[in-house]
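model-v4.txt (compact mmCIF, C-alpha atoms and all ligand atoms) appears below.
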# COMPACT_ATOMS: atom_id res chain seq x y z
CA MET A 1 145.10 143.79 3.43
CA THR A 2 147.76 143.57 6.12
CA GLY A 3 149.47 145.99 8.50
CA PRO A 4 148.24 148.76 10.72
CA ARG A 5 145.91 150.24 8.08
CA ALA A 6 144.03 146.96 7.85
CA HIS A 7 143.84 146.96 11.63
CA HIS A 8 142.20 150.40 11.55
CA GLN A 9 139.61 149.41 9.05
CA MET A 10 138.73 145.94 10.26
CA SER A 11 138.86 145.92 13.99
CA SER A 12 139.32 149.19 15.73
CA HIS A 13 137.53 152.46 15.89
CA ILE A 14 139.91 155.38 16.14
CA ALA A 15 138.26 157.91 18.40
CA GLY A 16 138.00 161.51 17.20
CA LEU A 17 140.24 164.11 18.81
CA PRO A 18 137.42 165.67 20.91
CA GLU A 19 136.59 162.25 22.39
CA LEU A 20 140.26 161.46 23.02
CA LEU A 21 141.13 164.71 24.76
CA GLY A 22 137.80 165.74 26.27
CA ILE A 23 137.41 168.84 24.08
CA GLU A 24 134.62 170.02 21.73
CA LEU A 25 136.38 170.85 18.49
CA PRO A 26 139.09 168.90 16.63
CA VAL A 27 141.43 171.92 16.79
CA ILE A 28 144.69 172.28 18.71
CA GLN A 29 146.18 175.77 18.91
CA ALA A 30 149.86 175.03 18.26
CA PRO A 31 152.23 175.88 21.08
CA MET A 32 154.32 178.82 19.84
CA ALA A 33 157.25 179.89 21.99
CA GLY A 34 157.98 183.59 21.64
CA VAL A 35 154.55 184.75 20.44
CA GLN A 36 152.10 183.67 23.14
CA ASP A 37 151.55 182.87 26.76
CA SER A 38 148.71 181.43 28.81
CA ALA A 39 146.19 184.07 27.59
CA LEU A 40 145.99 182.58 24.08
CA ALA A 41 145.78 179.04 25.42
CA ILE A 42 142.99 179.96 27.85
CA ALA A 43 140.99 181.67 25.08
CA VAL A 44 141.25 178.64 22.77
CA SER A 45 140.44 176.10 25.48
CA ASN A 46 137.41 178.13 26.57
CA ALA A 47 136.28 178.23 22.93
CA GLY A 48 136.25 174.42 22.78
CA GLY A 49 139.62 173.77 21.12
CA LEU A 50 142.80 172.67 22.90
CA GLY A 51 144.87 175.66 23.97
CA SER A 52 148.61 175.08 24.30
CA LEU A 53 151.25 176.69 26.49
CA PRO A 54 154.79 176.66 25.03
CA CYS A 55 157.24 176.18 27.91
CA ALA A 56 160.62 175.88 26.17
CA MET A 57 161.66 179.37 27.23
CA LEU A 58 160.11 179.52 30.71
CA ASP A 59 162.16 179.16 33.89
CA LEU A 60 160.63 177.19 36.78
CA GLU A 61 159.07 180.24 38.40
CA ALA A 62 157.47 181.49 35.18
CA LEU A 63 156.28 177.96 34.39
CA ASP A 64 154.59 177.72 37.76
CA ALA A 65 152.90 181.12 37.31
CA GLU A 66 151.70 180.31 33.80
CA LEU A 67 150.30 176.94 34.82
CA ALA A 68 148.47 178.59 37.71
CA ALA A 69 147.02 181.16 35.28
CA LEU A 70 145.80 178.35 33.02
CA ARG A 71 144.27 176.40 35.89
CA ASP A 72 142.45 179.53 37.05
CA GLY A 73 141.51 180.66 33.53
CA THR A 74 139.85 177.54 32.20
CA ALA A 75 138.12 174.49 33.56
CA ARG A 76 138.72 172.74 30.23
CA PRO A 77 141.68 170.62 29.06
CA PHE A 78 144.84 172.38 27.95
CA ASN A 79 148.20 171.29 26.57
CA VAL A 80 151.61 172.04 28.06
CA ASN A 81 154.45 171.81 25.52
CA PHE A 82 158.17 171.14 25.92
CA PHE A 83 161.26 170.67 23.78
CA CYS A 84 163.31 167.47 24.12
CA HIS A 85 166.64 168.38 22.57
CA THR A 86 169.95 167.44 24.16
CA PRO A 87 171.62 170.69 25.23
CA PRO A 88 175.02 170.92 23.53
CA ALA A 89 178.29 171.61 25.30
CA PHE A 90 179.43 175.19 24.74
CA ASP A 91 182.02 175.18 21.92
CA SER A 92 184.15 178.31 22.04
CA GLN A 93 185.45 177.81 18.51
CA ARG A 94 182.01 177.58 16.98
CA GLU A 95 180.87 180.57 19.01
CA ALA A 96 183.88 182.54 17.74
CA THR A 97 183.14 181.53 14.13
CA TRP A 98 179.52 182.65 14.50
CA ARG A 99 180.56 185.96 16.04
CA ARG A 100 183.01 186.51 13.17
CA VAL A 101 180.18 186.03 10.68
CA LEU A 102 178.07 188.54 12.60
CA ALA A 103 180.93 191.01 13.20
CA PRO A 104 180.02 193.39 10.33
CA TYR A 105 176.51 193.76 11.76
CA TYR A 106 177.86 194.42 15.25
CA ALA A 107 180.13 197.08 13.73
CA GLY A 108 177.19 198.59 11.85
CA TYR A 109 175.33 199.15 15.11
CA GLY A 110 178.46 200.02 17.11
CA ILE A 111 177.86 197.05 19.42
CA ASP A 112 180.80 195.59 21.34
CA PRO A 113 181.42 192.16 19.70
CA ALA A 114 182.29 190.66 23.09
CA ALA A 115 178.95 191.81 24.52
CA ALA A 116 177.61 189.22 26.89
CA ALA A 117 174.16 188.16 25.79
CA ALA A 118 171.76 187.36 28.57
CA VAL A 119 168.94 185.69 26.66
CA PRO A 120 166.54 183.01 27.81
CA LEU A 121 167.81 179.92 26.02
CA ARG A 122 165.47 177.09 25.22
CA VAL A 123 165.66 174.31 27.83
CA PRO A 124 164.51 170.69 27.48
CA PHE A 125 161.98 168.87 29.68
CA CYS A 126 163.77 167.55 32.78
CA THR A 127 163.16 166.30 36.33
CA GLU A 128 162.87 169.79 37.85
CA VAL A 129 160.36 170.86 35.20
CA ALA A 130 158.37 167.64 35.72
CA GLY A 131 158.21 168.49 39.43
CA VAL A 132 156.39 171.76 38.64
CA VAL A 133 154.08 170.26 35.99
CA GLU A 134 153.12 167.38 38.29
CA ARG A 135 151.38 169.77 40.65
CA PHE A 136 148.98 170.76 37.86
CA LYS A 137 148.51 167.40 36.11
CA PRO A 138 147.50 168.91 32.74
CA ALA A 139 145.17 166.86 30.54
CA VAL A 140 147.73 166.96 27.73
CA VAL A 141 151.51 167.27 27.54
CA SER A 142 153.21 167.59 24.15
CA PHE A 143 156.81 167.25 23.05
CA HIS A 144 158.82 168.58 20.10
CA PHE A 145 162.21 167.13 19.00
CA GLY A 146 161.49 163.61 20.24
CA LEU A 147 160.64 162.55 23.79
CA PRO A 148 162.17 162.79 27.25
CA SER A 149 163.76 159.72 28.90
CA SER A 150 161.52 156.70 29.46
CA GLY A 151 161.53 157.46 33.20
CA LEU A 152 160.20 160.97 32.62
CA MET A 153 157.66 159.70 30.07
CA ALA A 154 156.35 157.19 32.63
CA ARG A 155 156.10 159.98 35.19
CA VAL A 156 154.04 162.19 32.86
CA LYS A 157 151.73 159.31 32.00
CA SER A 158 151.32 158.43 35.69
CA TRP A 159 149.47 161.75 36.20
CA GLY A 160 146.95 160.71 33.56
CA SER A 161 148.20 163.24 30.98
CA LYS A 162 147.78 162.25 27.34
CA VAL A 163 151.09 162.61 25.49
CA LEU A 164 151.32 164.18 22.03
CA ALA A 165 154.54 164.49 20.02
CA SER A 166 155.60 165.82 16.62
CA ALA A 167 156.71 163.50 13.82
CA THR A 168 158.09 164.85 10.55
CA THR A 169 158.63 161.43 8.90
CA VAL A 170 157.05 157.98 8.96
CA ALA A 171 160.13 156.67 10.81
CA GLU A 172 159.66 159.26 13.56
CA ALA A 173 155.95 158.40 13.87
CA ARG A 174 156.79 154.71 14.28
CA TRP A 175 159.45 155.56 16.87
CA LEU A 176 157.01 157.70 18.85
CA GLU A 177 154.40 154.93 18.76
CA LYS A 178 156.97 152.47 20.12
CA HIS A 179 157.88 154.87 22.93
CA GLY A 180 154.40 155.35 24.39
CA VAL A 181 152.94 158.45 22.73
CA ASP A 182 149.12 158.68 22.62
CA VAL A 183 148.63 160.98 19.62
CA ILE A 184 151.04 161.85 16.78
CA VAL A 185 151.24 165.38 15.41
CA ALA A 186 152.33 164.99 11.77
CA GLN A 187 154.22 168.20 11.04
CA GLY A 188 154.37 168.91 7.32
CA LEU A 189 157.05 171.02 5.71
CA GLU A 190 154.69 174.00 5.36
CA ALA A 191 154.65 174.51 9.14
CA GLY A 192 155.95 177.67 10.76
CA GLY A 193 158.59 177.47 13.48
CA HIS A 194 161.06 174.70 14.20
CA ARG A 195 160.98 171.43 12.35
CA GLY A 196 160.35 168.83 15.04
CA MET A 197 162.72 166.40 13.30
CA PHE A 198 164.73 164.23 15.69
CA LEU A 199 165.84 160.96 14.04
CA SER A 200 167.65 162.60 11.12
CA ASP A 201 168.86 166.08 10.32
CA ASP A 202 168.61 165.46 6.57
CA LEU A 203 166.17 168.03 5.19
CA LYS A 204 165.54 165.79 2.18
CA THR A 205 163.43 163.60 4.49
CA GLN A 206 160.99 166.47 5.09
CA VAL A 207 157.72 166.47 3.10
CA GLY A 208 154.53 168.50 2.92
CA THR A 209 151.40 167.87 4.98
CA VAL A 210 149.38 166.25 2.17
CA ALA A 211 152.18 163.76 1.56
CA LEU A 212 153.00 163.15 5.23
CA VAL A 213 149.62 162.69 6.92
CA PRO A 214 148.28 159.70 4.94
CA GLN A 215 151.66 157.94 5.07
CA ILE A 216 151.75 158.23 8.85
CA VAL A 217 148.06 157.29 9.18
CA ASP A 218 148.84 154.10 7.25
CA ALA A 219 152.00 153.31 9.22
CA VAL A 220 150.82 153.57 12.84
CA ARG A 221 147.81 152.57 14.90
CA LEU A 222 147.74 155.84 16.83
CA PRO A 223 145.49 158.78 16.03
CA VAL A 224 147.20 161.42 13.90
CA VAL A 225 146.78 165.20 14.05
CA ALA A 226 147.79 167.21 10.95
CA ALA A 227 149.96 170.34 11.27
CA GLY A 228 151.42 172.69 8.69
CA GLY A 229 149.73 175.09 6.28
CA ILE A 230 146.21 174.66 7.71
CA ALA A 231 144.60 178.09 7.87
CA ASP A 232 140.86 177.74 7.34
CA ALA A 233 137.92 175.32 7.32
CA ARG A 234 138.94 173.94 3.90
CA GLY A 235 142.35 173.02 5.26
CA VAL A 236 140.77 171.34 8.28
CA ALA A 237 138.37 169.36 6.06
CA SER A 238 141.18 168.21 3.79
CA ALA A 239 143.32 167.11 6.75
CA MET A 240 140.39 165.05 8.05
CA SER A 241 139.86 163.49 4.64
CA LEU A 242 143.51 162.36 4.69
CA GLY A 243 142.76 160.39 7.85
CA ALA A 244 143.72 162.92 10.54
CA VAL A 245 141.54 163.07 13.66
CA GLY A 246 142.22 166.76 14.11
CA VAL A 247 144.51 169.65 13.25
CA GLN A 248 147.18 171.70 15.00
CA VAL A 249 147.19 175.28 13.76
CA GLY A 250 149.91 177.78 14.60
CA THR A 251 150.53 180.61 12.17
CA ALA A 252 146.84 181.60 11.87
CA TYR A 253 146.73 182.48 15.60
CA MET A 254 149.67 184.89 15.55
CA LEU A 255 147.66 188.07 14.94
CA CYS A 256 144.98 187.22 17.48
CA ARG A 257 144.49 189.78 20.22
CA GLU A 258 145.49 187.29 22.89
CA ALA A 259 148.85 186.50 21.24
CA THR A 260 152.00 188.34 22.38
CA THR A 261 153.54 188.43 18.89
CA PRO A 262 156.08 191.31 18.82
CA VAL A 263 155.25 194.37 16.72
CA VAL A 264 157.90 193.72 14.04
CA HIS A 265 156.57 190.18 13.67
CA ARG A 266 152.94 191.35 13.41
CA THR A 267 153.94 193.94 10.80
CA ALA A 268 155.74 191.31 8.71
CA LEU A 269 152.77 188.93 8.93
CA LYS A 270 150.43 191.63 7.68
CA SER A 271 152.69 192.59 4.79
CA GLY A 272 153.21 190.75 1.52
CA LEU A 273 156.51 189.52 3.02
CA ALA A 274 154.72 186.57 4.60
CA GLU A 275 154.41 185.03 1.14
CA ARG A 276 158.15 184.35 1.16
CA THR A 277 159.22 181.97 3.88
CA ALA A 278 162.22 179.63 4.07
CA LEU A 279 163.76 177.11 6.41
CA THR A 280 166.58 178.73 8.31
CA ASN A 281 168.95 177.66 11.08
CA LEU A 282 170.41 181.13 11.63
CA PHE A 283 168.33 182.08 14.64
CA SER A 284 168.73 179.01 16.84
CA GLY A 285 171.00 176.47 15.13
CA ARG A 286 168.11 174.23 14.02
CA PRO A 287 165.96 174.53 10.90
CA ALA A 288 162.78 176.51 11.37
CA ARG A 289 160.42 178.20 8.92
CA GLY A 290 160.24 181.97 8.96
CA ILE A 291 159.64 185.00 6.78
CA VAL A 292 162.75 185.80 4.73
CA ASN A 293 164.40 188.86 6.27
CA ARG A 294 167.68 190.72 5.85
CA LEU A 295 169.85 188.29 7.83
CA MET A 296 168.49 185.29 5.90
CA GLN A 297 168.96 187.09 2.59
CA GLU A 298 172.52 188.22 3.27
CA LEU A 299 173.91 185.07 4.95
CA GLY A 300 171.72 182.56 3.15
CA PRO A 301 169.02 180.87 5.26
CA MET A 302 171.04 177.74 6.12
CA THR A 303 174.67 177.78 7.24
CA GLU A 304 177.16 175.54 9.02
CA ALA A 305 178.57 178.57 10.83
CA THR A 306 176.09 178.59 13.73
CA PRO A 307 176.69 177.00 17.14
CA SER A 308 174.43 174.02 17.88
CA PHE A 309 170.79 174.51 18.89
CA PRO A 310 169.84 176.54 20.82
CA LEU A 311 173.10 178.45 21.27
CA ALA A 312 173.00 180.45 18.02
CA SER A 313 170.42 182.86 19.41
CA ALA A 314 172.75 184.30 22.07
CA ALA A 315 175.08 186.18 19.72
CA LEU A 316 172.12 187.49 17.74
CA ALA A 317 170.33 188.89 20.78
CA PRO A 318 171.99 192.35 20.88
CA LEU A 319 171.43 192.83 17.14
CA ARG A 320 167.85 191.72 17.42
CA SER A 321 167.00 194.04 20.29
CA ARG A 322 168.77 197.01 18.66
CA ALA A 323 166.97 196.47 15.36
CA GLU A 324 163.58 195.83 16.96
CA SER A 325 163.85 199.02 19.00
CA SER A 326 163.83 200.94 15.72
CA GLY A 327 160.98 198.86 14.29
CA SER A 328 163.10 196.51 12.18
CA GLY A 329 162.80 192.72 12.02
CA ASP A 330 166.14 192.37 10.18
CA PHE A 331 167.61 190.14 12.91
CA SER A 332 164.45 188.62 14.39
CA PRO A 333 163.14 185.11 13.89
CA LEU A 334 159.89 185.88 12.06
CA TRP A 335 158.48 182.36 12.30
CA CYS A 336 155.65 181.80 9.87
CA GLY A 337 154.21 178.89 7.94
CA GLN A 338 153.63 178.80 4.20
CA ASN A 339 150.00 179.81 4.58
CA ALA A 340 149.58 183.08 6.46
CA THR A 341 146.17 183.79 4.90
CA GLY A 342 144.42 182.67 8.07
CA CYS A 343 146.11 185.35 10.21
CA LYS A 344 143.41 187.74 11.41
CA GLU A 345 143.26 190.41 14.09
CA ILE A 346 140.29 188.80 15.77
CA SER A 347 139.73 186.96 19.01
CA ALA A 348 141.18 183.48 19.31
CA ALA A 349 137.68 182.16 20.01
CA ARG A 350 136.39 183.45 16.67
CA LEU A 351 139.42 182.12 14.85
CA THR A 352 138.95 178.69 16.44
CA GLN A 353 135.27 178.59 15.51
CA GLY A 354 136.05 179.73 11.95
CA LEU A 355 138.46 176.81 11.52
CA VAL A 356 135.59 174.37 11.92
CA GLY A 357 133.29 176.39 9.71
CA ALA A 358 131.22 177.91 12.53
CA ARG A 359 130.49 181.62 12.43
C1 LIG B 401 155.87 181.29 15.96
C2 LIG B 401 155.90 179.78 16.08
C3 LIG B 401 156.48 179.22 17.20
C4 LIG B 401 156.44 177.82 17.36
N1 LIG B 401 156.94 177.28 18.53
C5 LIG B 401 156.71 175.96 18.80
C6 LIG B 401 156.95 175.44 20.10
O1 LIG B 401 157.37 176.16 21.03
N2 LIG B 401 156.70 174.12 20.30
C7 LIG B 401 156.20 173.30 19.32
O2 LIG B 401 155.98 172.11 19.57
N3 LIG B 401 155.95 173.78 18.08
C8 LIG B 401 156.17 175.08 17.80
N4 LIG B 401 155.85 175.59 16.56
C9 LIG B 401 155.36 174.67 15.50
C10 LIG B 401 153.88 174.38 15.66
O3 LIG B 401 153.69 173.42 16.69
C11 LIG B 401 153.22 173.77 14.38
O4 LIG B 401 153.94 172.67 13.93
C12 LIG B 401 153.05 174.76 13.26
O5 LIG B 401 152.70 176.03 13.72
C13 LIG B 401 151.97 174.27 12.29
O6 LIG B 401 152.04 174.92 11.07
P1 LIG B 401 151.36 176.35 10.72
O7 LIG B 401 152.23 177.35 11.41
O8 LIG B 401 151.45 176.40 9.25
O9 LIG B 401 149.96 176.33 11.27
C14 LIG B 401 155.89 176.98 16.36
C15 LIG B 401 155.32 177.58 15.22
C16 LIG B 401 155.31 178.97 15.07
C17 LIG B 401 154.65 179.56 13.84

In structure tokens, write the structure found in this file.
Ligand SMILES: Cc1cc2nc3c(=O)[nH]c(=O)nc-3n(C[C@H](O)[C@H](O)[C@H](O)COP(=O)(O)O)c2cc1C
Amino acid sequence: MTGPRAHHQMSSHIAGLPELLGIELPVIQAPMAGVQDSALAIAVSNAGGLGSLPCAMLDLEALDAELAALRDGTARPFNVNFFCHTPPAFDSQREATWRRVLAPYYAGYGIDPAAAAAVPLRVPFCTEVAGVVERFKPAVVSFHFGLPSSGLMARVKSWGSKVLASATTVAEARWLEKHGVDVIVAQGLEAGGHRGMFLSDDLKTQVGTVALVPQIVDAVRLPVVAAGGIADARGVASAMSLGAVGVQVGTAYMLCREATTPVVHRTALKSGLAERTALTNLFSGRPARGIVNRLMQELGPMTEATPSFPLASAALAPLRSRAESSGSGDFSPLWCGQNATGCKEISAARLTQGLVGAR
């Protein structure tokens, strides 16, 4: 036998996730921008898993406050998560096209189509952000949509943080290994939220967790964490039997008391609607998995009419807030994976323990 797999079996012991990250249970609570803050992360870390703070939508002041809350709320390791996209230049033509597509909805609500939308746009990891994170030196930093520059990577590693990053293909896993990542999060197609894809935007490259995890385990020497569709102890056991050292679970945590999931989102998750999800780029400009709602049904979930990520969300903001104020999720990103059966209105500690079969 040759190649990395042979290396695993013959010469090296791949440590389990708890050993690698200094935690008790092989469970990472997935960072989920828009539905949680430090409270969920603190609860999961204190329960022995790895709690994660999504930072893509936090400005420097909010980031500082949330990191301080985490430091004060748990003595255990936690993960701080960032996006690594390249912000696009504003393209007035694409913005105008997108607003034309949305014009009938604006008219329906009597909203001025030229309404300025002040929404927090997702920002990538950068020098200023690193300056704030450095003061806290978190045990783990994770990235979605690739990695920051090699200079910033070196800076993060110089604090002693372990670096995790999402791969949606074998090629991405190999690329991450080459660029200094410590643990790969293999994100299968079942996963809720944004696809972490960064080497290709061809959706035909995207495969399910059971197909992806063993292929990545065989292709790299790094430990691999499985993400996507894992909702209970059976899912965790099957991920481990595919060679993963742990799991990253998102959707199942969204109804937990400590999550900040908006009411319309909670209602959709509890309804039968969560059985119908699709990949859509309507809400941000990049493909993400969410519950099929009115906007996705009427425009089709994927379109070329949106501005580039993350700009598409700006024009939707007034529609979203108007609809949500009357209890409707017609224009909201209702991110959800293909397995919402793990969503329970219980504490995050109980959910975490249930994932490893403990009561
Ligand atoms: C509501 C929601 C928001 C998400 N936001 C992020 C994020 O900010 N950063 C990130 O790396 N992944 C994000 N993800 C993806 C998760 O990291 C993970 O891949 C996914 O939740 C795993 O699949 P599951 O939802 O089926 O458990 C998000 C997922 C959901 C459901």

Requested in this report: Fewer than 4 positions away in the same chain doesn't count, so skip those; otherwise give me all residues within 9 Å of Gly146 (chain A), counting all atoms listed in the file, as a list of chain:residue names.
Outcome: A:Phe83, A:Cys84, A:His85, A:Ala165, A:Ser166, A:Ala167, A:Glu172, A:Trp175, A:Leu176, A:Gly196, A:Met197, A:Phe198, A:Leu199

Query raised in the report: Near Phe283 (chain A), within 7 Å and counting all atoms listed in the file, which residues show up once chain neighbours fewer than 2 positions away are dropped, as a list of chain:residue names?
Result: A:Asn281, A:Gly285, A:Ala312, A:Ser313, A:Pro333

Query raised in the report: If you count only C-alpha atoms, which residues fall within 7 Å of Gly342 (chain A), apart from same-chain ones fewer than 5 positions away, as a list in words?
Result: Ala231, Asp232 and Ala252 of chain A

Report summary line: Of A:Ala47, A:Ile42, A:Val35, A:Ala227, the one sitting nearest Arg266 (chain A) when using all atoms listed in the file is A:Val35

Report task. Tell me, as a list in words, which residues lie within 8 Å of Glu66 (chain A), counting only C-alpha atoms; anything in the same chain fewer than 4 positions away does not count. Result ->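 Near Glu66 (chain A), the qualifying residues are Asp37, Ser38, Ala62 and Leu70 of chain A.
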
**Report entry** CA of Pro18 (chain A) to atom C2 of ligand LIG 401 (chain B), straight-line distance in Å
**Finding:**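 Separating atom C2 of ligand LIG 401 (chain B) from CA of Pro18 (chain A) is a distance of 23.7 Å.
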
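The two atoms in question, CA of Arg155 (chain A) and CA of Ala43 (chain A), are spaced 28.3 Å apart.
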
**Report entry** Selection: 9 Å around Gly300 (chain A), only C-alpha atoms, excl. self and same-chain fewer than 5 positions, as a list of chain:residue names
**Finding:**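 Returned residues: A:Thr280, A:Leu282, A:Leu295.
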
Query - Residue nearest ligand LIG 401 (chain B) among A:Arg289, A:Lys270, A:Arg234, A:Lys157 (counting all atoms listed in the file) - result: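 Checking each candidate against ligand LIG 401 (chain B), we get A:Arg289 as the closest.
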
Requested in this report: Counting only C-alpha atoms, note down every residue that has an atom within 9 Å of the point (142.8, 174.9, 7.9) (file coordinates), as a list in words.
Outcome: Gly228, Gly229, Ile230, Ala231, Asp232, Ala233, Arg234, Gly235, Val236, Ala237, Ser238, Ala239, Val247, Gln248, Val249, Ala252, Gly342, Leu355 and Val356 of chain A

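The nearest approach to Tyr105 (chain A) among the residues A:Arg276, A:Arg195, A:Arg322, A:Arg257, with all atoms listed in the file taken into account, belongs to A:Arg322.
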
Report summary line: Pairwise distance, CA of Met302 (chain A) with CA of Ala191 (chain A), equals 17.0 Å

Six-sided padding of 6 Å per side, axis-aligned box over ligand LIG 401 (chain B), centre and edges in Å, one decimal, as AutoDock Vina command-line options:
--center_x 153.7 --center_y 176.7 --center_z 15.1 --size_x 19.4 --size_y 21.2 --size_z 23.8

Query raised in the report: Between A:Gln93, A:Gln215, A:Asn339, A:Thr251, which one has atoms that come closest to Gln29 (chain A), using all atoms listed in the file?
Result: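 Looking only at the distances to Gln29 (chain A), the closest residue turns out to be A:Thr251.
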
Report summary line: Counting all atoms listed in the file, the residue among A:Ser321, A:Ser142, A:Asn79, A:Ser328 that lies closest to ligand LIG 401 (chain B) is A:Ser142

Query raised in the report: A:Ala226, A:Ala305, A:Met153, A:Ala68: which is nearest ligand LIG 401 (chain B), counting all atoms listed in the file?
Result: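 Closest candidate: A:Ala226.
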
Please, which residues are within 6 Å of (151.3, 175.7, 23.2) by the file's coordinates, counting all atoms listed in the file, and could they come as a short mmCIF file (atom, residue, chain, number, x, y, z; two decimals) with C-alpha atoms, in the coordinates of the input?
data_model
loop_
_atom_site.label_atom_id
_atom_site.label_comp_id
_atom_site.auth_asym_id
_atom_site.auth_seq_id
_atom_site.Cartn_x
_atom_site.Cartn_y
_atom_site.Cartn_z
CA ALA A 30 149.86 175.03 18.26
CA PRO A 31 152.23 175.88 21.08
CA MET A 32 154.32 178.82 19.84
CA SER A 52 148.61 175.08 24.30
CA LEU A 53 151.25 176.69 26.49
CA PRO A 54 154.79 176.66 25.03
CA ASN A 81 154.45 171.81 25.52
#

Could you add whatever atoms are missing so that region 39-45 of chain A carries all heavy atoms, then write the result as a PDB file, keeping the file's coordinate frame?
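So the final result, stored in rebuild.pdb, reads:
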ATOM      1  N   ALA A  39     147.435 183.389  28.004  1.00  0.00           N
ATOM      2  CA  ALA A  39     146.190 184.070  27.590  1.00  0.00           C
ATOM      3  C   ALA A  39     145.619 183.451  26.310  1.00  0.00           C
ATOM      4  O   ALA A  39     144.403 183.216  26.210  1.00  0.00           O
ATOM      5  CB  ALA A  39     146.452 185.558  27.396  1.00  0.00           C
ATOM      6  N   LEU A  40     146.475 183.170  25.329  1.00  0.00           N
ATOM      7  CA  LEU A  40     145.990 182.580  24.080  1.00  0.00           C
ATOM      8  C   LEU A  40     145.451 181.169  24.340  1.00  0.00           C
ATOM      9  O   LEU A  40     144.382 180.788  23.851  1.00  0.00           O
ATOM     10  CB  LEU A  40     147.113 182.544  23.027  1.00  0.00           C
ATOM     11  CG  LEU A  40     146.725 181.998  21.652  1.00  0.00           C
ATOM     12  CD1 LEU A  40     145.728 182.926  20.953  1.00  0.00           C
ATOM     13  CD2 LEU A  40     147.960 181.808  20.765  1.00  0.00           C
ATOM     14  N   ALA A  41     146.190 180.413  25.130  1.00  0.00           N
ATOM     15  CA  ALA A  41     145.780 179.040  25.420  1.00  0.00           C
ATOM     16  C   ALA A  41     144.430 179.012  26.148  1.00  0.00           C
ATOM     17  O   ALA A  41     143.553 178.201  25.827  1.00  0.00           O
ATOM     18  CB  ALA A  41     146.856 178.349  26.268  1.00  0.00           C
ATOM     19  N   ILE A  42     144.255 179.909  27.104  1.00  0.00           N
ATOM     20  CA  ILE A  42     142.990 179.960  27.850  1.00  0.00           C
ATOM     21  C   ILE A  42     141.835 180.284  26.897  1.00  0.00           C
ATOM     22  O   ILE A  42     140.778 179.646  26.930  1.00  0.00           O
ATOM     23  CB  ILE A  42     143.086 181.031  28.980  1.00  0.00           C
ATOM     24  CG1 ILE A  42     144.039 180.548  30.071  1.00  0.00           C
ATOM     25  CG2 ILE A  42     141.706 181.351  29.557  1.00  0.00           C
ATOM     26  CD1 ILE A  42     144.441 181.626  31.082  1.00  0.00           C
ATOM     27  N   ALA A  43     142.053 181.257  26.012  1.00  0.00           N
ATOM     28  CA  ALA A  43     140.990 181.670  25.080  1.00  0.00           C
ATOM     29  C   ALA A  43     140.584 180.495  24.183  1.00  0.00           C
ATOM     30  O   ALA A  43     139.396 180.265  23.945  1.00  0.00           O
ATOM     31  CB  ALA A  43     141.454 182.853  24.247  1.00  0.00           C
ATOM     32  N   VAL A  44     141.560 179.748  23.691  1.00  0.00           N
ATOM     33  CA  VAL A  44     141.250 178.640  22.770  1.00  0.00           C
ATOM     34  C   VAL A  44     140.567 177.499  23.535  1.00  0.00           C
ATOM     35  O   VAL A  44     139.576 176.926  23.071  1.00  0.00           O
ATOM     36  CB  VAL A  44     142.513 178.151  22.036  1.00  0.00           C
ATOM     37  CG1 VAL A  44     142.204 176.908  21.210  1.00  0.00           C
ATOM     38  CG2 VAL A  44     143.066 179.258  21.142  1.00  0.00           C
ATOM     39  N   SER A  45     141.076 177.177  24.719  1.00  0.00           N
ATOM     40  CA  SER A  45     140.440 176.100  25.480  1.00  0.00           C
ATOM     41  C   SER A  45     138.995 176.471  25.838  1.00  0.00           C
ATOM     42  O   SER A  45     138.084 175.652  25.713  1.00  0.00           O
ATOM     43  CB  SER A  45     141.237 175.775  26.750  1.00  0.00           C
ATOM     44  OG  SER A  45     142.393 175.030  26.410  1.00  0.00           O
TER      45      SER A  45
END
